[in-house]
Each structure stands twice: as structure tokens, then as C-alpha cells.
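Worksheet: one structure, shown below.
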Amino acid sequence: MLAKRIIPCLDVKNGETVKGINFENLQYAGDPIELAKKYSDAGADELVFLDITATNEGRKTTLKMVENVAKQVFIPFTVGGGISSIEDMKRLLSAGADKIAINSAAVKNPDLIKQSSDYFGSQCVVVAIDAKFSEGDFYVFINAGQKNTGIKLIDWVKKVEKLGAGEILLTSMDADGTQNGFDLNMTKLVVENVNIPVIASGGAGACVEHFKDVFELANADAALAASIFHYNTLPIKTLKQQLKINNISIRD
Amino acid sequence: MSIVIIDYGMSNLGSIRRAMEECGADVLVSNNPEDLKISDKIILPGVGAFGDGMKNLNNQGWTKIIREEVLENKIPILGICLGMQLLATKGHEGGEFDGLNLIEGEVVKFTSLDDERIPHVGWNEIVKTKESPIFEGIEDGSDFYFVHSYHFKAKNKEDVIATTSYCGEFASAINKNNIFGTQFHPEKSIPVGFQVLKNFINL
């Protein structure tokens with residue numbers, strides 16, 4: 001059976017891993033390469049690196065870091081942040097990334113999803129979406145969550161699937177950093193409206209139930225978390241063992 | 001003597017090269033088909049579409065030499081993901097295209113039977129259906145990393161060495177004589193994937 005994936009996310013700023021609440025108050029959380037290796041050894045199913053400052057500061061994701069990670073980590077990893085062209089993607093993929101996540105650039109230029117999936121194949125293209133509940137509906141935000149696009153989440157996910165996205169990485173800005181659990185309603189809404197895999201993100205606390213719920217109740221294909229792994233409040237090994245006991249399909 | 005990894009512009013060669021080196025292999029990433037004549041094993045990696053893959057192999061002069069080395073000189077070849085699919089007779093991704101025809105079969109898209117999501121992404125189990133040297137030391141039910149929307153429909157059941165359950169059941173690994181293919185990515189599936197690569201290296 002296809003296993004549900006546990007994905008540690010490393011938010012990276014100037015080559016360091018950081019974590020904040022609601023995209024603010026960033027704190028240093030460890031060396032990305034050391035963390036990547038540690039997570040891979042502990043049984044992480046994939047890794048995601050997001051260069052969270054890239055869009056605002058126009059800074060490109062550090063290729064060097066990607067190269068070093070690829071040298072030491074032999075599970076799939078995705079890189080996102082500040083990617084706005086096929087050329088950016090080519091550089092990252094040849095540095096060793098397996099998949100590319102595009103966020104703001106996809107909203108500004110949806111055709112980039114089609115171009116990149118035609119060029120590299122859908123399996124390489126993850127569309128990352130930051131969404132928030134506002135005035136009765138979920139809306140898509142860009143620029144590290146600072147700008148409401150006015151685009152309804154449900155319309156956007158259908159569109160990105162049509163354009164050739166291989167996966168959706170869905171972050172709830174309301175839940176992110178709270179450690180109160182994933183946004184089940186929002187995740188479920190997206191899962192039910194697309195046929196590509198959905199990675200739920202934002203809100204995971206040191207609580208196995210949070211993961212169990214997002215897999216069982218919202219039917220997410222993968223769950224992404226950062227703090228609980230960085231600060232070791234819920235180690236990956238423990239989490240996976242507990243999920244297994246709870247009859248969730250998990251890789252040994 | 002070395003293992004040539006074919007560079008035909010369709011894959012993340014870095015991952016497979018690093019994984020092979022980590023497994024102790026002497027590898028040469030090559031964009032020159034003539035290098036196959038001095039190799040003792042071949043890896044055909046690949047991500048992307050079947051039609052583009054074959055177009056590149058044909059235009060860059062790989063097809064004929066691969067067939068010669070594999071069929072006449074019995075050089076072992078391992079196709080990974082799209083690389084496995086290209087071993088087929090035909091592919092049906094974005095049209096109909098001739099493949100390398102090293103193992104008879106056709107490459108077709110998954111049909112979702114029970115709300116399965118496509119592409120098939122993530123770690124899934126293999127069921128070994130036949131003994132094969134590349135599966136030495138690999139336990140039945142081991143998890144490997146997959147990412148694909150198309151799969152290999154082998155004409156002859158005896159060429160299939162493992163199946164995986166998704167949208168029904170599909171061939172997750174094939175082997176006929178010196179020809180091997182894995183739909184999963186051994187280079188991204190530590191530790192079991194590295195065992196598969198080591199088995200291929202040690203053939």
C-alpha cells in the first residue's frame with residue numbers, strides 16, 4: 001500500500017534553518033545539511049527546503065547548499081523559494097534537487113506551471129500554496145504570506161492541476177506555527193477537489209493525533225512539519241511508530 | 001572498466017551518479033554513445049516523457065549502440081523509472097512512440113480505479129514475483145520510492161520480477177537475461193535501493 005509520507009520542512013534563510021510563528025519572529029533552528037542527514041537517518045520519507053526570504057529579497061536559493069544536501073542525502077527532496085523561471089529550475093535540479101516548488105511565481109504567471117511540467121515532467125513540479133481563511137472563504141496569499149491575491153483557494157488548486165502540477169504543498173497560514181494541528185477543513189477541501197497528491201502543512205504540534213487526523217479525516221497524502229522535528233518534541237521515529245500502531249500506512 | 005550512466009538530457013544525473021559512487025561503483029556519466037563500447041554495465045536513468053526520451057536517444061545516436069551492446073555483447077543494463085519504460089516496445093505518453101524494444105511490452109497511463117491519485121508518488125511496497133539477481137537480500141514487501149503516471153505492461157509475465165499495488169497492480173521491476181528495469185528510484189530509496197544498485201554493480 002502506498003505509504004503516507006512524513007516530510008520535515010527546513011525553512012532556510014541565508015543558509016540557516018529558521019522557524020517562526022505565522023511567518024514572523026524567525027529563530028535559528030540548526031544547520032540545514034546536518035538536519036537533513038539526521039532526518040533521513042531517522043526515517044523521513046522526503047525533505048522540503050523552502051528559502052522563505054527568497055521572494056521578498058530577490059535572493060535565489062543557495063545552490064551550494066542544495067549541492068551539499070544532495071551529496072549526503074539519498075531520499076527525495078524538494079526545493080522552493082524565489083523560483084521564477086525554467087532557468088532557476090534547471091540550476092536547482094542539476095544541483096541535485098528532485099522536485100521544485102513554485103509559489104508566488106506560479107500565481108503571477110500560471111503558464112510557468114505548464115512550461116515547467118512540459119519541460120521536466122509533472123513529477124518535478126510542486127505548486128506550493130499559502131492560504132488563509134478570510135471573509136467566508138479560503139484565499140491564496142503570496143510573497144511569503146504578505147499579500148492576499150484575492151484568488152479563491154478552490155479555484156487555484158483546480159487550475160494548477162489542469163496546468164500540470166504534480167503535487168500541491170498546501171500551507172495553512174492560520175495554523176502555521178500554532179502547533180494546534182493541521183487545518184483539516186482546508187486540507188480536506190483541496191484533497192476532494194483535485195486528483196494529484198496533496199501535502200498538508202502548517203500547525204503540526206508534538207501530537208500524533210494531528211498527523212493521524214490529517215491522514216484519516218482530511219485524507220492528505222503527506223504531512224509536513226518543522227518545529228516538532230527541529231526541536232525534537234516529536235521525533236520522526238516515534239511519530240512513525242505511533243502512526244503505525246494506529247493503522248496508518250507508514251514506511252518502516 | 002566502468003559503469004556508463006547515459007546522459008541524454010532527460011534526468012537528474014547527479015542523484016544516480018552520487019548514489020552509484022556511494023555504493024562503490026566506478027561510474028562515467030557520458031553523452032557519447034561510443035563510450036558504451038568500453039563499458040561493462042549501462043544505466044539508463046530518466047525522468048520526463050517517453051516521446052522526448054526516445055527522441056533524444058535516437059537523435060543523439062544511442063539507440064542502435066544500446067541495442068547492440070545489450071543484445072549482442074550481453075552488457076547488463078539497468079533502466080530506472082523512465083529508463084525502465086524506454087526498454088519497452090512502445091510507449092503511449094502524448095502519442096505513440098517506438099521504444100528500445102529490449103523487453104516486450106507497452107507503457108500506458110494509470111487508470112484510477114479507487115480514487116487513487118495520479119501521479120503515483122511516494123513509498124510503496126514491492127511483491128517479488130520471481131527470483132532475480134538484483135533482488136538478492138531484498139525482502140518481500142520492502143518499500144521503494146516511486147514517482148510516475150505511466151507504467152510498463154509487460155507482454156510476457158515471466159519478465160516481471162516484482163509488482164506493486166496501485167490502480168490495480170503494475171510491474172515495479174522487470175528482468176530478462178541481462179536487461180533490468182525498476183520503476184522505482186533505487187537511488188532515492190535508502191537503504192533497500194542501495195542494495196539493488198550494489199547487486200547490479202556486482203553482477
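To be explicit about the labels: the chains of the C-alpha cells are called A, B, and onward in the order shown, and within each one the residues are counted from 1, while ligands get numbers from 1 in the order they are shown.
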
List every residue of chain A that has an atom at most 10 Å from any atom of chain B, and for each one report the closest atom pair and its distance in Å to one decimal, counting only C-alpha atoms, with rows sorted by chain and then by increasing residue number, as a tab-separated table.
```
residue	atom	partner	partner_atom	distance
A:Met1	CA	B:Asn124	CA	5.8
A:Leu2	CA	B:Asn124	CA	4.5
A:Ala3	CA	B:Trp123	CA	5.5
A:Lys4	CA	B:Gly122	CA	7.7
A:Arg5	CA	B:Gly122	CA	6.9
A:Ser40	CA	B:Ile190	CA	8.8
A:Asp41	CA	B:Ile190	CA	9.1
A:Gly43	CA	B:Ile190	CA	9.5
A:Asp45	CA	B:Trp123	CA	7.5
A:Glu46	CA	B:Gly122	CA	8.6
A:Glu67	CA	B:Gly14	CA	9.2
A:Ala70	CA	B:Ser15	CA	7.0
A:Lys71	CA	B:Arg18	CA	6.6
A:Gln72	CA	B:Arg18	CA	8.9
A:Val73	CA	B:Lys188	CA	8.6
A:Phe74	CA	B:Lys188	CA	5.0
A:Ile75	CA	B:Lys188	CA	4.5
A:Pro76	CA	B:Lys188	CA	5.7
A:Phe77	CA	B:Lys188	CA	9.2
A:Lys90	CA	B:Asn12	CA	9.8
A:Leu93	CA	B:Asn12	CA	6.5
A:Ser94	CA	B:Asn12	CA	6.1
A:Ala95	CA	B:Gly14	CA	7.2
A:Gly96	CA	B:Gly14	CA	5.8
A:Ala97	CA	B:Asn12	CA	8.1
A:Asp98	CA	B:Asn12	CA	7.3
A:Ser117	CA	B:Gly48	CA	8.8
A:Asp118	CA	B:Gly48	CA	8.3
A:Tyr119	CA	B:Gly48	CA	7.6
A:Phe120	CA	B:Gly48	CA	5.7
A:Gly121	CA	B:Gly48	CA	4.6
A:Ser122	CA	B:Gly48	CA	7.9
A:Gln123	CA	B:Val147	CA	6.3
A:Cys124	CA	B:Val47	CA	8.6
A:Ala165	CA	B:Pro119	CA	9.9
A:Gly166	CA	B:Pro119	CA	6.6
A:Glu167	CA	B:Pro119	CA	8.3
A:Val191	CA	B:Arg117	CA	9.7
A:Val194	CA	B:Arg117	CA	8.5
A:Asn195	CA	B:Arg117	CA	5.0
A:Ile196	CA	B:Arg117	CA	5.1
A:Pro197	CA	B:Arg117	CA	5.9
A:Val198	CA	B:Arg117	CA	9.2
A:Asp221	CA	B:Gly122	CA	8.8
A:Ala222	CA	B:Gly122	CA	8.9
A:Ser249	CA	B:Asn124	CA	9.7
A:Ile250	CA	B:Trp123	CA	8.6
A:Arg251	CA	B:Asp143	CA	6.5
A:Asp252	CA	B:Asp143	CA	7.7
```

What would the file look like if the residues just selected were written as a short mmCIF file (atom, residue, chain, number, x, y, z; two decimals), in the first residue's frame with C-alpha atoms?
```cif
data_model
loop_
_atom_site.label_atom_id
_atom_site.label_comp_id
_atom_site.auth_asym_id
_atom_site.auth_seq_id
_atom_site.Cartn_x
_atom_site.Cartn_y
_atom_site.Cartn_z
CA MET A 1 0.00 0.00 0.00
CA LEU A 2 1.19 3.49 -0.78
CA ALA A 3 2.57 4.89 2.47
CA LYS A 4 1.55 8.23 3.90
CA ARG A 5 4.61 10.45 3.87
CA SER A 40 16.95 10.98 6.52
CA ASP A 41 18.59 8.61 9.01
CA GLY A 43 13.20 7.71 8.54
CA ASP A 45 10.19 9.98 3.66
CA GLU A 46 11.18 13.16 1.84
CA GLU A 67 24.57 20.52 -3.82
CA ALA A 70 22.33 16.08 -2.47
CA LYS A 71 25.78 14.70 -1.71
CA GLN A 72 24.73 13.43 1.69
CA VAL A 73 21.03 12.70 1.48
CA PHE A 74 19.55 9.83 -0.51
CA ILE A 75 15.85 10.39 -0.14
CA PRO A 76 13.86 12.70 -2.43
CA PHE A 77 14.00 16.40 -1.69
CA LYS A 90 17.30 23.79 -14.28
CA LEU A 93 17.61 20.24 -10.50
CA SER A 94 21.13 19.87 -11.78
CA ALA A 95 22.46 20.78 -8.33
CA GLY A 96 20.60 17.72 -7.07
CA ALA A 97 17.04 18.70 -6.20
CA ASP A 98 14.43 16.12 -7.19
CA SER A 117 5.72 20.37 -16.25
CA ASP A 118 6.06 20.06 -20.02
CA TYR A 119 9.80 20.51 -19.76
CA PHE A 120 10.73 18.49 -16.67
CA GLY A 121 7.63 16.34 -16.25
CA SER A 122 4.83 16.83 -13.73
CA GLN A 123 6.66 14.72 -11.16
CA CYS A 124 9.19 17.56 -10.72
CA ALA A 165 1.31 20.39 -11.30
CA GLY A 166 2.48 17.04 -9.94
CA GLU A 167 1.70 17.78 -6.30
CA VAL A 191 -7.98 16.88 -1.40
CA VAL A 194 -8.01 17.59 -7.10
CA ASN A 195 -6.68 14.20 -8.12
CA ILE A 196 -2.97 14.93 -7.56
CA PRO A 197 -1.24 14.27 -4.23
CA VAL A 198 -1.67 16.89 -1.51
CA ASP A 221 -1.15 12.09 1.10
CA ALA A 222 1.69 13.57 3.10
CA SER A 249 0.08 3.03 6.25
CA ILE A 250 3.67 4.09 7.01
CA ARG A 251 7.03 3.11 5.60
CA ASP A 252 9.18 1.08 8.01
#
```

Notebook entry, point to check: Excluding same-chain residues fewer than 3 positions from B:Asn73, what lies within 12 Å of it counting only C-alpha atoms, as a list in words?
Noted result: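 Residues meeting the cut-off are Leu36, Lys37, Ile38, Ser39, Asp40, Lys41, Ile65, Ile66, Arg67, Glu68, Glu69, Val70, Pro76, Ile77, Asn178 and Ile179 of chain B.
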
Notebook entry, point to check: Which residues in stretch 132-180 of chain A does DSSP call helix (DSSP H, G or I)? List them as a list in words.
Noted result: Leu153, Ile154, Asp155, Trp156, Val157, Lys158, Lys159, Val160, Glu161, Lys162 and Leu163 of chain A

Same residues, N, CA and C atoms, output as a short mmCIF file (atom, residue, chain, number, x, y, z; two decimals), in the first residue's frame:
```
data_model
loop_
_atom_site.label_atom_id
_atom_site.label_comp_id
_atom_site.auth_asym_id
_atom_site.auth_seq_id
_atom_site.Cartn_x
_atom_site.Cartn_y
_atom_site.Cartn_z
N LEU A 153 -8.93 29.75 -3.03
CA LEU A 153 -8.10 28.56 -2.99
C LEU A 153 -8.65 27.45 -3.90
N ILE A 154 -9.93 27.24 -3.82
CA ILE A 154 -10.54 26.14 -4.57
C ILE A 154 -10.36 26.33 -6.08
N ASP A 155 -10.47 27.57 -6.54
CA ASP A 155 -10.28 27.83 -7.97
C ASP A 155 -8.83 27.60 -8.37
N TRP A 156 -7.93 28.03 -7.48
CA TRP A 156 -6.50 27.94 -7.79
C TRP A 156 -6.01 26.48 -7.85
N VAL A 157 -6.47 25.64 -6.91
CA VAL A 157 -5.97 24.26 -6.91
C VAL A 157 -6.44 23.51 -8.15
N LYS A 158 -7.65 23.78 -8.57
CA LYS A 158 -8.16 23.13 -9.79
C LYS A 158 -7.35 23.57 -11.00
N LYS A 159 -7.02 24.85 -11.00
CA LYS A 159 -6.25 25.39 -12.12
C LYS A 159 -4.84 24.81 -12.17
N VAL A 160 -4.18 24.72 -11.01
CA VAL A 160 -2.79 24.22 -11.04
C VAL A 160 -2.75 22.75 -11.46
N GLU A 161 -3.77 22.00 -11.08
CA GLU A 161 -3.81 20.61 -11.52
C GLU A 161 -3.94 20.55 -13.05
N LYS A 162 -4.83 21.36 -13.57
CA LYS A 162 -5.05 21.39 -15.02
C LYS A 162 -3.77 21.78 -15.77
N LEU A 163 -3.00 22.69 -15.17
CA LEU A 163 -1.78 23.17 -15.84
C LEU A 163 -0.62 22.18 -15.74
#
```

Next item on the list: Return the single residue from B:Asp7, B:Thr63, B:Glu72, B:Gln85 that is closest to B:Ile43, with distances computed using only C-alpha atoms.
Entry: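 For B:Ile43, the nearest of the candidates is B:Asp7.
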
Name all residues at most 7 Å from A:Gly145 (count only C-alpha atoms; drop same-chain ones fewer than 3 positions away) and give them as a CSV table (one decimal) with N, CA and C atoms, in the first residue's frame.
```
chain,number,residue,atom,x,y,z
A,130,ASP,N,0.1,29.1,-0.1
A,130,ASP,CA,-0.1,29.6,1.2
A,130,ASP,C,-1.6,30.1,1.2
A,141,PHE,N,-2.5,33.4,-0.7
A,141,PHE,CA,-1.6,34.6,-0.4
A,141,PHE,C,-0.2,34.3,-1.1
A,142,ILE,N,0.4,35.4,-1.4
A,142,ILE,CA,1.8,35.3,-2.0
A,142,ILE,C,2.8,36.2,-1.2
```

Next item on the list: Can you check which residues of stretch 159-200 of chain B DSSP gives as strand (DSSP E or B) on the backbone and send them as a list in words?
Entry: Val160, Ile161, Ala162, Thr163, Thr164, Ser165, Glu169, Phe170, Ala171, Ser172, Ala173, Ile174, Asn175, Lys176, Ile179, Phe180, Gly181 and Thr182 of chain B

Item checked: Distance criterion (only C-alpha atoms): nearest to A:Ala144 out of A:Asn232, A:Ala204, A:Ile248, A:Ala131 ->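 Selected residue with least distance to A:Ala144: A:Ala131.
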
Notebook entry, point to check: How many Å lie between atom CA of A:Ser104 and atom CA of A:Ser84, rounded to one decimal?
Noted result: 8.2 Å

Check: Using only C-alpha atoms, which residue out of A:Lys19, A:Lys212, A:Lys64, A:Lys99 lies closest to A:Lys244?
Finding: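 Once distances to A:Lys244 are computed over only C-alpha atoms, the minimum belongs to A:Lys212.
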
Note to self: Just to confirm, what's the straight-line distance from atom CA of A:Leu170 to atom CA of A:Ser201 in Å (one decimal)?
What the structure shows: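 Atom-to-atom, atom CA of A:Leu170 to atom CA of A:Ser201, that is 5.7 Å.
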
Next item on the list: Provide the atom CA of A:Val48 to atom CA of B:Leu113 distance in Å, to one decimal place.
Entry: 29.8 Å

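Residue nearest A:Gly30 within the list A:Glu209, A:Asp137, A:Glu16, A:Glu87: A:Glu16 [criterion: smallest interatomic distance, only C-alpha atoms].
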